[in-house]
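Undergrad: If it helps, the file is called upload03.json and holds JSON, C-alpha atoms:
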```json
[["chain", "number", "residue", "atom", "x", "y", "z"],
["A", 9, "MET", "CA", 163.39, 18.26, -30.55],
["A", 10, "LEU", "CA", 160.57, 16.66, -28.59],
["A", 11, "LEU", "CA", 161.50, 13.39, -26.91],
["A", 12, "VAL", "CA", 158.28, 11.79, -25.74],
["A", 13, "LYS", "CA", 158.42, 10.22, -22.29],
["A", 14, "ASP", "CA", 154.68, 9.71, -21.96],
["A", 15, "TRP", "CA", 152.73, 9.52, -25.21],
["A", 16, "THR", "CA", 149.44, 10.01, -23.38],
["A", 17, "ARG", "CA", 150.46, 13.57, -22.54],
["A", 18, "ILE", "CA", 150.36, 14.63, -26.19],
["A", 19, "SER", "CA", 147.21, 16.60, -26.90],
["A", 20, "LEU", "CA", 144.68, 15.08, -29.26],
["A", 21, "LYS", "CA", 145.17, 18.22, -31.33],
["A", 22, "SER", "CA", 148.93, 17.79, -31.59],
["A", 23, "ASN", "CA", 150.28, 17.28, -35.08],
["A", 24, "ILE", "CA", 152.25, 14.06, -35.02],
["A", 25, "VAL", "CA", 155.30, 14.27, -37.26],
["A", 26, "VAL", "CA", 157.09, 11.08, -38.28],
["A", 27, "ALA", "CA", 160.50, 11.13, -39.96],
["A", 28, "VAL", "CA", 161.46, 8.10, -42.05],
["A", 29, "GLY", "CA", 165.04, 7.33, -42.99],
["A", 30, "SER", "CA", 164.42, 6.71, -46.68],
["A", 31, "ASP", "CA", 163.10, 8.55, -49.70],
["A", 32, "ARG", "CA", 162.08, 5.36, -51.51],
["A", 33, "ALA", "CA", 158.47, 5.62, -52.64],
["A", 34, "ALA", "CA", 157.49, 2.14, -51.39],
["A", 35, "LYS", "CA", 158.84, 2.78, -47.89],
["A", 36, "VAL", "CA", 157.25, 6.21, -47.58],
["A", 37, "GLU", "CA", 153.93, 4.80, -48.80],
["A", 38, "ALA", "CA", 154.16, 2.04, -46.19],
["A", 39, "VAL", "CA", 154.64, 4.59, -43.41],
["A", 40, "ARG", "CA", 151.67, 6.66, -44.60],
["A", 41, "ARG", "CA", 149.41, 3.61, -44.85],
["A", 42, "SER", "CA", 150.38, 2.33, -41.42],
["A", 43, "LEU", "CA", 149.67, 5.74, -39.87],
["A", 44, "GLU", "CA", 146.24, 5.80, -41.51],
["A", 45, "ARG", "CA", 145.43, 2.38, -40.05],
["A", 46, "ILE", "CA", 146.65, 3.41, -36.60],
["A", 47, "ALA", "CA", 144.47, 6.54, -36.78],
["A", 48, "SER", "CA", 141.43, 4.28, -37.13],
["A", 49, "VAL", "CA", 141.97, 3.11, -33.53],
["A", 50, "ASP", "CA", 143.61, 6.24, -32.07],
["A", 51, "GLU", "CA", 142.43, 9.65, -33.27],
["A", 52, "ARG", "CA", 145.63, 11.33, -32.08],
["A", 53, "TRP", "CA", 147.21, 9.98, -35.25],
["A", 54, "LEU", "CA", 144.75, 11.62, -37.63],
["A", 55, "GLY", "CA", 146.59, 13.85, -40.09],
["A", 56, "ALA", "CA", 150.02, 12.63, -39.03],
["A", 57, "GLU", "CA", 152.73, 14.16, -41.20],
["A", 58, "VAL", "CA", 155.52, 12.13, -42.82],
["A", 59, "ILE", "CA", 158.96, 13.56, -43.53],
["A", 60, "ALA", "CA", 161.22, 11.43, -45.74],
["A", 61, "ARG", "CA", 164.99, 11.79, -45.88],
["A", 62, "GLY", "CA", 167.53, 9.58, -47.61],
["A", 63, "VAL", "CA", 170.18, 8.40, -45.17],
["A", 64, "GLU", "CA", 173.55, 6.68, -45.29],
["A", 65, "THR", "CA", 174.44, 3.96, -42.78],
["A", 66, "SER", "CA", 177.11, 1.31, -42.37],
["A", 67, "ALA", "CA", 174.53, -1.48, -42.77],
["A", 68, "PRO", "CA", 175.23, -4.07, -45.48],
["A", 69, "ALA", "CA", 173.79, -3.23, -48.90],
["A", 70, "MET", "CA", 172.07, -6.62, -48.82],
["A", 71, "PRO", "CA", 171.37, -7.85, -45.27],
["A", 72, "LEU", "CA", 171.36, -11.64, -45.03],
["A", 73, "THR", "CA", 170.22, -12.26, -41.45],
["A", 74, "ASP", "CA", 167.49, -11.02, -39.12],
["A", 75, "GLU", "CA", 170.13, -9.39, -36.93],
["A", 76, "GLU", "CA", 171.54, -7.43, -39.87],
["A", 77, "LEU", "CA", 168.03, -6.39, -40.88],
["A", 78, "ALA", "CA", 167.10, -5.22, -37.38],
["A", 79, "ARG", "CA", 170.38, -3.35, -36.96],
["A", 80, "GLY", "CA", 169.96, -1.73, -40.37],
["A", 81, "ALA", "CA", 166.42, -0.54, -39.59],
["A", 82, "ARG", "CA", 167.57, 0.89, -36.26],
["A", 83, "ALA", "CA", 170.54, 2.64, -37.86],
["A", 84, "ARG", "CA", 168.28, 4.30, -40.44],
["A", 85, "ALA", "CA", 165.94, 5.62, -37.74],
["A", 86, "TRP", "CA", 168.76, 7.13, -35.71],
["A", 87, "ALA", "CA", 170.38, 8.55, -38.85],
["A", 88, "VAL", "CA", 167.20, 10.38, -39.87],
["A", 89, "ARG", "CA", 166.85, 11.66, -36.32],
["A", 90, "GLU", "CA", 170.25, 13.31, -36.65],
["A", 91, "ILE", "CA", 169.29, 14.86, -39.98],
["A", 92, "VAL", "CA", 165.96, 16.33, -38.95],
["A", 93, "ALA", "CA", 167.26, 17.55, -35.57],
["A", 94, "SER", "CA", 169.15, 20.31, -37.38],
["A", 95, "GLU", "CA", 166.11, 21.15, -39.50],
["A", 96, "ARG", "CA", 163.83, 21.87, -36.52],
["A", 97, "THR", "CA", 160.99, 19.91, -38.13],
["A", 98, "GLY", "CA", 159.45, 19.02, -34.79],
["A", 99, "ALA", "CA", 159.48, 15.32, -35.65],
["A", 100, "GLN", "CA", 158.46, 13.18, -32.69],
["A", 101, "LEU", "CA", 159.00, 9.68, -34.07],
["A", 102, "PHE", "CA", 161.81, 8.32, -36.22],
["A", 103, "VAL", "CA", 161.43, 5.30, -38.46],
["A", 104, "GLY", "CA", 163.88, 2.95, -40.15],
["A", 105, "LEU", "CA", 163.03, 0.18, -42.61],
["A", 106, "GLU", "CA", 165.32, -2.54, -43.91],
["A", 107, "GLY", "CA", 164.61, -5.39, -46.30],
["A", 108, "GLY", "CA", 166.69, -8.45, -47.05],
["A", 109, "PHE", "CA", 167.06, -12.20, -46.59],
["A", 110, "HIS", "CA", 166.60, -14.56, -43.69],
["A", 111, "SER", "CA", 167.79, -18.14, -44.21],
["A", 112, "PHE", "CA", 167.48, -21.27, -42.13],
["A", 113, "GLU", "CA", 168.20, -24.98, -42.42],
["A", 114, "LEU", "CA", 165.42, -27.50, -41.95],
["A", 115, "ASP", "CA", 165.81, -31.24, -42.45],
["A", 116, "GLY", "CA", 169.07, -30.76, -44.34],
["A", 117, "ARG", "CA", 167.72, -28.12, -46.74],
["A", 118, "TRP", "CA", 168.37, -24.39, -46.75],
["A", 119, "HIS", "CA", 165.42, -22.08, -47.13],
["A", 120, "THR", "CA", 165.77, -18.38, -47.93],
["A", 121, "HIS", "CA", 162.97, -15.90, -47.31],
["A", 122, "LEU", "CA", 162.55, -12.24, -48.14],
["A", 123, "ARG", "CA", 161.40, -10.13, -45.22],
["A", 124, "GLY", "CA", 161.58, -6.62, -43.84],
["A", 125, "TRP", "CA", 162.23, -5.11, -40.44],
["A", 126, "ALA", "CA", 160.89, -1.84, -39.05],
["A", 127, "TYR", "CA", 162.18, 0.18, -36.12],
["A", 128, "VAL", "CA", 160.53, 3.18, -34.44],
["A", 129, "THR", "CA", 161.91, 5.41, -31.68],
["A", 130, "ASP", "CA", 161.06, 8.69, -30.02],
["A", 131, "GLY", "CA", 164.62, 9.01, -28.77],
["A", 132, "LEU", "CA", 163.87, 7.15, -25.54],
["A", 133, "ARG", "CA", 161.52, 4.29, -26.28],
["A", 134, "GLU", "CA", 161.64, 1.92, -29.21],
["A", 135, "GLY", "CA", 159.67, -0.69, -31.10],
["A", 136, "PHE", "CA", 160.65, -3.36, -33.60],
["A", 137, "GLY", "CA", 158.40, -5.08, -36.13],
["A", 138, "VAL", "CA", 158.96, -7.68, -38.82],
["A", 139, "SER", "CA", 157.04, -8.26, -42.02],
["A", 140, "PRO", "CA", 155.66, -11.53, -43.34],
["A", 141, "SER", "CA", 158.16, -13.68, -45.24],
["A", 142, "ILE", "CA", 158.04, -15.03, -48.77],
["A", 143, "SER", "CA", 160.15, -17.86, -50.10],
["A", 144, "VAL", "CA", 162.88, -16.83, -52.54],
["A", 145, "PRO", "CA", 163.57, -19.17, -55.48],
["A", 146, "ALA", "CA", 166.93, -20.88, -55.08],
["A", 147, "SER", "CA", 168.18, -19.47, -58.39],
["A", 148, "ILE", "CA", 167.59, -15.90, -57.19],
["A", 149, "ALA", "CA", 168.95, -16.55, -53.71],
["A", 150, "ARG", "CA", 172.18, -17.98, -55.14],
["A", 151, "ARG", "CA", 172.75, -15.00, -57.42],
["A", 152, "VAL", "CA", 172.45, -12.71, -54.41],
["A", 153, "THR", "CA", 174.33, -14.69, -51.76],
["A", 154, "GLU", "CA", 177.01, -16.34, -53.88],
["A", 155, "GLY", "CA", 177.38, -13.66, -56.51],
["A", 156, "ASN", "CA", 177.42, -10.83, -53.95],
["A", 157, "VAL", "CA", 174.79, -8.95, -55.98],
["A", 158, "GLU", "CA", 172.04, -6.78, -54.49],
["A", 159, "LEU", "CA", 168.55, -8.25, -54.74],
["A", 160, "SER", "CA", 167.31, -5.11, -56.49],
["A", 161, "VAL", "CA", 169.70, -5.76, -59.39],
["A", 162, "VAL", "CA", 168.67, -9.41, -59.69],
["A", 163, "ILE", "CA", 164.94, -8.62, -59.51],
["A", 164, "ASP", "CA", 165.25, -5.93, -62.17],
["A", 165, "ASP", "CA", 166.87, -8.55, -64.40],
["A", 166, "VAL", "CA", 164.24, -11.21, -63.62],
["A", 167, "ALA", "CA", 161.36, -8.78, -64.16],
["A", 168, "GLY", "CA", 162.90, -7.18, -67.22],
["A", 169, "GLU", "CA", 162.28, -3.74, -65.72],
["A", 170, "ARG", "CA", 164.24, -0.98, -64.03],
["A", 171, "ASP", "CA", 164.03, 0.17, -60.41],
["A", 172, "VAL", "CA", 161.45, -2.42, -59.40],
["A", 173, "ARG", "CA", 162.20, -1.80, -55.72],
["A", 174, "SER", "CA", 160.71, 1.70, -55.91],
["A", 175, "ARG", "CA", 157.39, 0.22, -57.01],
["A", 176, "GLN", "CA", 156.13, -3.28, -56.23],
["A", 177, "GLY", "CA", 159.58, -4.52, -55.22],
["A", 178, "ALA", "CA", 160.76, -8.11, -55.14],
["A", 179, "TRP", "CA", 157.61, -8.87, -53.15],
["A", 180, "GLY", "CA", 155.46, -7.90, -56.11],
["A", 181, "VAL", "CA", 157.52, -9.95, -58.55],
["A", 182, "LEU", "CA", 157.52, -13.04, -56.32],
["A", 183, "SER", "CA", 153.80, -12.83, -55.44],
["A", 184, "ARG", "CA", 152.53, -11.64, -58.85],
["A", 185, "ASP", "CA", 151.59, -8.36, -57.18],
["A", 186, "LEU", "CA", 149.31, -9.95, -54.60],
["A", 187, "LEU", "CA", 151.69, -8.45, -52.03],
["A", 188, "THR", "CA", 153.85, -5.42, -52.75],
["A", 189, "ARG", "CA", 156.95, -4.14, -51.01],
["A", 190, "ALA", "CA", 154.95, -1.32, -49.42],
["A", 191, "GLN", "CA", 152.33, -3.73, -48.08],
["A", 192, "SER", "CA", 154.96, -5.99, -46.51],
["A", 193, "PHE", "CA", 156.54, -3.05, -44.71],
["A", 194, "GLU", "CA", 153.11, -1.80, -43.60],
["A", 195, "PHE", "CA", 152.62, -4.88, -41.42],
["A", 196, "ALA", "CA", 156.08, -4.50, -39.91],
["A", 197, "LEU", "CA", 155.38, -0.83, -39.13],
["A", 198, "ILE", "CA", 152.06, -1.48, -37.41],
["A", 199, "ALA", "CA", 153.95, -3.87, -35.13],
["A", 200, "ALA", "CA", 156.84, -1.46, -34.54],
["A", 201, "PHE", "CA", 154.53, 1.48, -33.73],
["A", 202, "ALA", "CA", 152.63, -0.59, -31.13],
["A", 203, "PRO", "CA", 154.40, 0.84, -28.04],
["A", 204, "PHE", "CA", 153.31, 4.32, -29.15],
["A", 205, "TYR", "CA", 149.62, 3.70, -29.92],
["A", 206, "ASN", "CA", 148.99, 0.91, -27.41],
["A", 207, "GLU", "CA", 150.79, 2.42, -24.43],
["A", 208, "LYS", "CA", 148.45, 0.80, -21.91],
["A", 209, "LEU", "CA", 150.18, -2.50, -22.58],
["A", 210, "TYR", "CA", 153.68, -1.19, -23.28]]
```
Have the structure of the file written as structure tokens, please.
TA:
Amino acid sequence: MLLVKDWTRISLKSNIVVAVGSDRAAKVEAVRRSLERIASVDERWLGAEVIARGVETSAPAMPLTDEELARGARARAWAVREIVASERTGAQLFVGLEGGFHSFELDGRWHTHLRGWAYVTDGLREGFGVSPSISVPASIARRVTEGNVELSVVIDDVAGERDVRSRQGAWGVLSRDLLTRAQSFEFALIAAFAPFYNEKLY
């Protein structure tokens, strides 16, 4: 398994392989899109390959704080690293994505936002990124936080559909598809990958 100490030493002809700790369509799409955007400023990323593996971690099913989200994303990246190490895939970067809630109190009122965290590592270096946030209606937030129900279950009920999170996600439902789950994670990933495509600053 290649552990990259100096990204600049990788040949422009090297095939970059990225392993993501999820087999959810929206997350895999977000990784592919972010790699395409990075390739527009760094040709080493052209044709980067994505390997997706479902992983199990001890992270909460529904993270409710930024710390839980960041820890969950990191755990997914390290879990997929363990999986692909035995497969000899040659993966160089390992990605974890975690979505959930972040709440805060302002002027006596609680506000809950949906957001996602991304984590990328090569086994030595790391990068974190966070998505934009969107306000969650109080009725939905209460069902999740007080009823101890996963957001995916609540959103399926609200949307009247099944497995919404594998498509537009709660983001799509809340924004009327102006922003999808994949798009939200894409922004977080571009931020998390920064130490690996902008090494002059990192």
Undergrad: CA of Trp125 (chain A) and CA of Ser183 (chain A) are how many Å apart?
TA: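 We find that CA of Trp125 (chain A) and CA of Ser183 (chain A) lie 18.9 Å from each other.
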Undergrad: At a cut-off of 9 Å, using only C-alpha atoms, what residues contact region 195-198 of chain A? Leave out same-chain residues fewer than 3 positions from it and give the result as JSON, numbers by chain.
TA: {"A": [38, 39, 42, 43, 45, 46, 103, 105, 124, 125, 126, 127, 128, 136, 137, 138, 139, 140, 191, 192, 201, 202]}
Undergrad: Now that the selection is made, can you save its residues with C-alpha atoms as an mmCIF file, in the coordinates of the input?
TA:
```
data_model
loop_
_atom_site.group_PDB
_atom_site.id
_atom_site.type_symbol
_atom_site.label_atom_id
_atom_site.label_comp_id
_atom_site.auth_asym_id
_atom_site.auth_seq_id
_atom_site.Cartn_x
_atom_site.Cartn_y
_atom_site.Cartn_z
ATOM 1 C CA ALA A 38 154.160 2.040 -46.190
ATOM 2 C CA VAL A 39 154.640 4.590 -43.410
ATOM 3 C CA SER A 42 150.380 2.330 -41.420
ATOM 4 C CA LEU A 43 149.670 5.740 -39.870
ATOM 5 C CA ARG A 45 145.430 2.380 -40.050
ATOM 6 C CA ILE A 46 146.650 3.410 -36.600
ATOM 7 C CA VAL A 103 161.430 5.300 -38.460
ATOM 8 C CA LEU A 105 163.030 0.180 -42.610
ATOM 9 C CA GLY A 124 161.580 -6.620 -43.840
ATOM 10 C CA TRP A 125 162.230 -5.110 -40.440
ATOM 11 C CA ALA A 126 160.890 -1.840 -39.050
ATOM 12 C CA TYR A 127 162.180 0.180 -36.120
ATOM 13 C CA VAL A 128 160.530 3.180 -34.440
ATOM 14 C CA PHE A 136 160.650 -3.360 -33.600
ATOM 15 C CA GLY A 137 158.400 -5.080 -36.130
ATOM 16 C CA VAL A 138 158.960 -7.680 -38.820
ATOM 17 C CA SER A 139 157.040 -8.260 -42.020
ATOM 18 C CA PRO A 140 155.660 -11.530 -43.340
ATOM 19 C CA GLN A 191 152.330 -3.730 -48.080
ATOM 20 C CA SER A 192 154.960 -5.990 -46.510
ATOM 21 C CA PHE A 201 154.530 1.480 -33.730
ATOM 22 C CA ALA A 202 152.630 -0.590 -31.130
#
```
Undergrad: Name the closest residue to Phe112 (chain A) among the candidates A:Ser160, A:Ala93, A:Arg133, A:Ser143; distances are taken between atoms, counting only C-alpha atoms.
TA: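 Distance minimum relative to Phe112 (chain A) lands on A:Ser143.
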Undergrad: Report, in Å with one decimal, the straight-line distance from CA of Gln100 (chain A) to CA of Ala67 (chain A).
TA: 24.0 Å
Undergrad: Separation of CA of Ala34 (chain A) and CA of Asp164 (chain A), in Å?
TA: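 These atoms are spaced 15.5 Å apart.
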Undergrad: Select, from A:Thr188, A:Thr65, A:Ser48, A:Thr120, the residue with the minimum atom-to-atom distance to Pro145 (chain A), counting only C-alpha atoms.
TA: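 Smallest separation from Pro145 (chain A) among the options: A:Thr120.
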Undergrad: Using only the atoms of region 161-178 of chain A listed in the file, plus 8 Å on each side, state the axis-aligned box centre and edge lengths in Å rounded to one decimal, as AutoDock Vina command-line options.
TA:
```
--center_x 162.9 --center_y -4.8 --center_z -61.2 --size_x 29.6 --size_y 28.9 --size_z 28.1
```
Undergrad: Quick one: everything within 10 Å of Val162 (chain A), counting all atoms listed in the file, minus sequence neighbours fewer than 4 positions away in the same chain. Send it as an NGL selection string.
TA: :A and (148-149 or 151-152 or 157-158 or 166-168 or 178)
Undergrad: Find the residues near Glu64 (chain A): any atom within 12 Å, counting only C-alpha atoms, skip ones fewer than 2 places away on the same chain, and give them as a list of chain:residue names.
TA: A:Gly29, A:Ser30, A:Asp31, A:Arg61, A:Gly62, A:Ser66, A:Ala67, A:Pro68, A:Ala69, A:Gly80, A:Ala81, A:Ala83, A:Arg84, A:Ala85, A:Trp86, A:Ala87, A:Val88, A:Glu90, A:Ile91, A:Gly104
Undergrad: Calculated over only C-alpha atoms, which of the candidates A:Arg123, A:Arg32, A:Arg89, A:Lys208 has the smallest distance to His110 (chain A)?
TA: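 Under the stated criterion, the closest residue is A:Arg123.
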Undergrad: Which one is closest to Arg117 (chain A): A:Ala146, A:Asp171, A:Asn23, A:Glu75? Count all atoms listed in the file.
TA: A:Ala146
Undergrad: Could you check the closest approach to Asn206 (chain A) for each of A:Leu187, A:Val28, A:Ala47, A:Leu77 and tell me which residue wins, using only C-alpha atoms?
TA: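 Closest to Asn206 (chain A), using only C-alpha atoms: A:Ala47.
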Undergrad: Which is closer to Leu159 (chain A) than all the others in A:Phe109, A:Gly55, A:Val25, A:Glu134, using all atoms listed in the file?
TA: A:Phe109
Undergrad: Arg189 (chain A): which residues within 6 Å, counting all atoms listed in the file, same-chain residues fewer than 3 positions away excluded, as JSON, numbers by chain?
TA: {"A": [176, 177, 179, 192]}
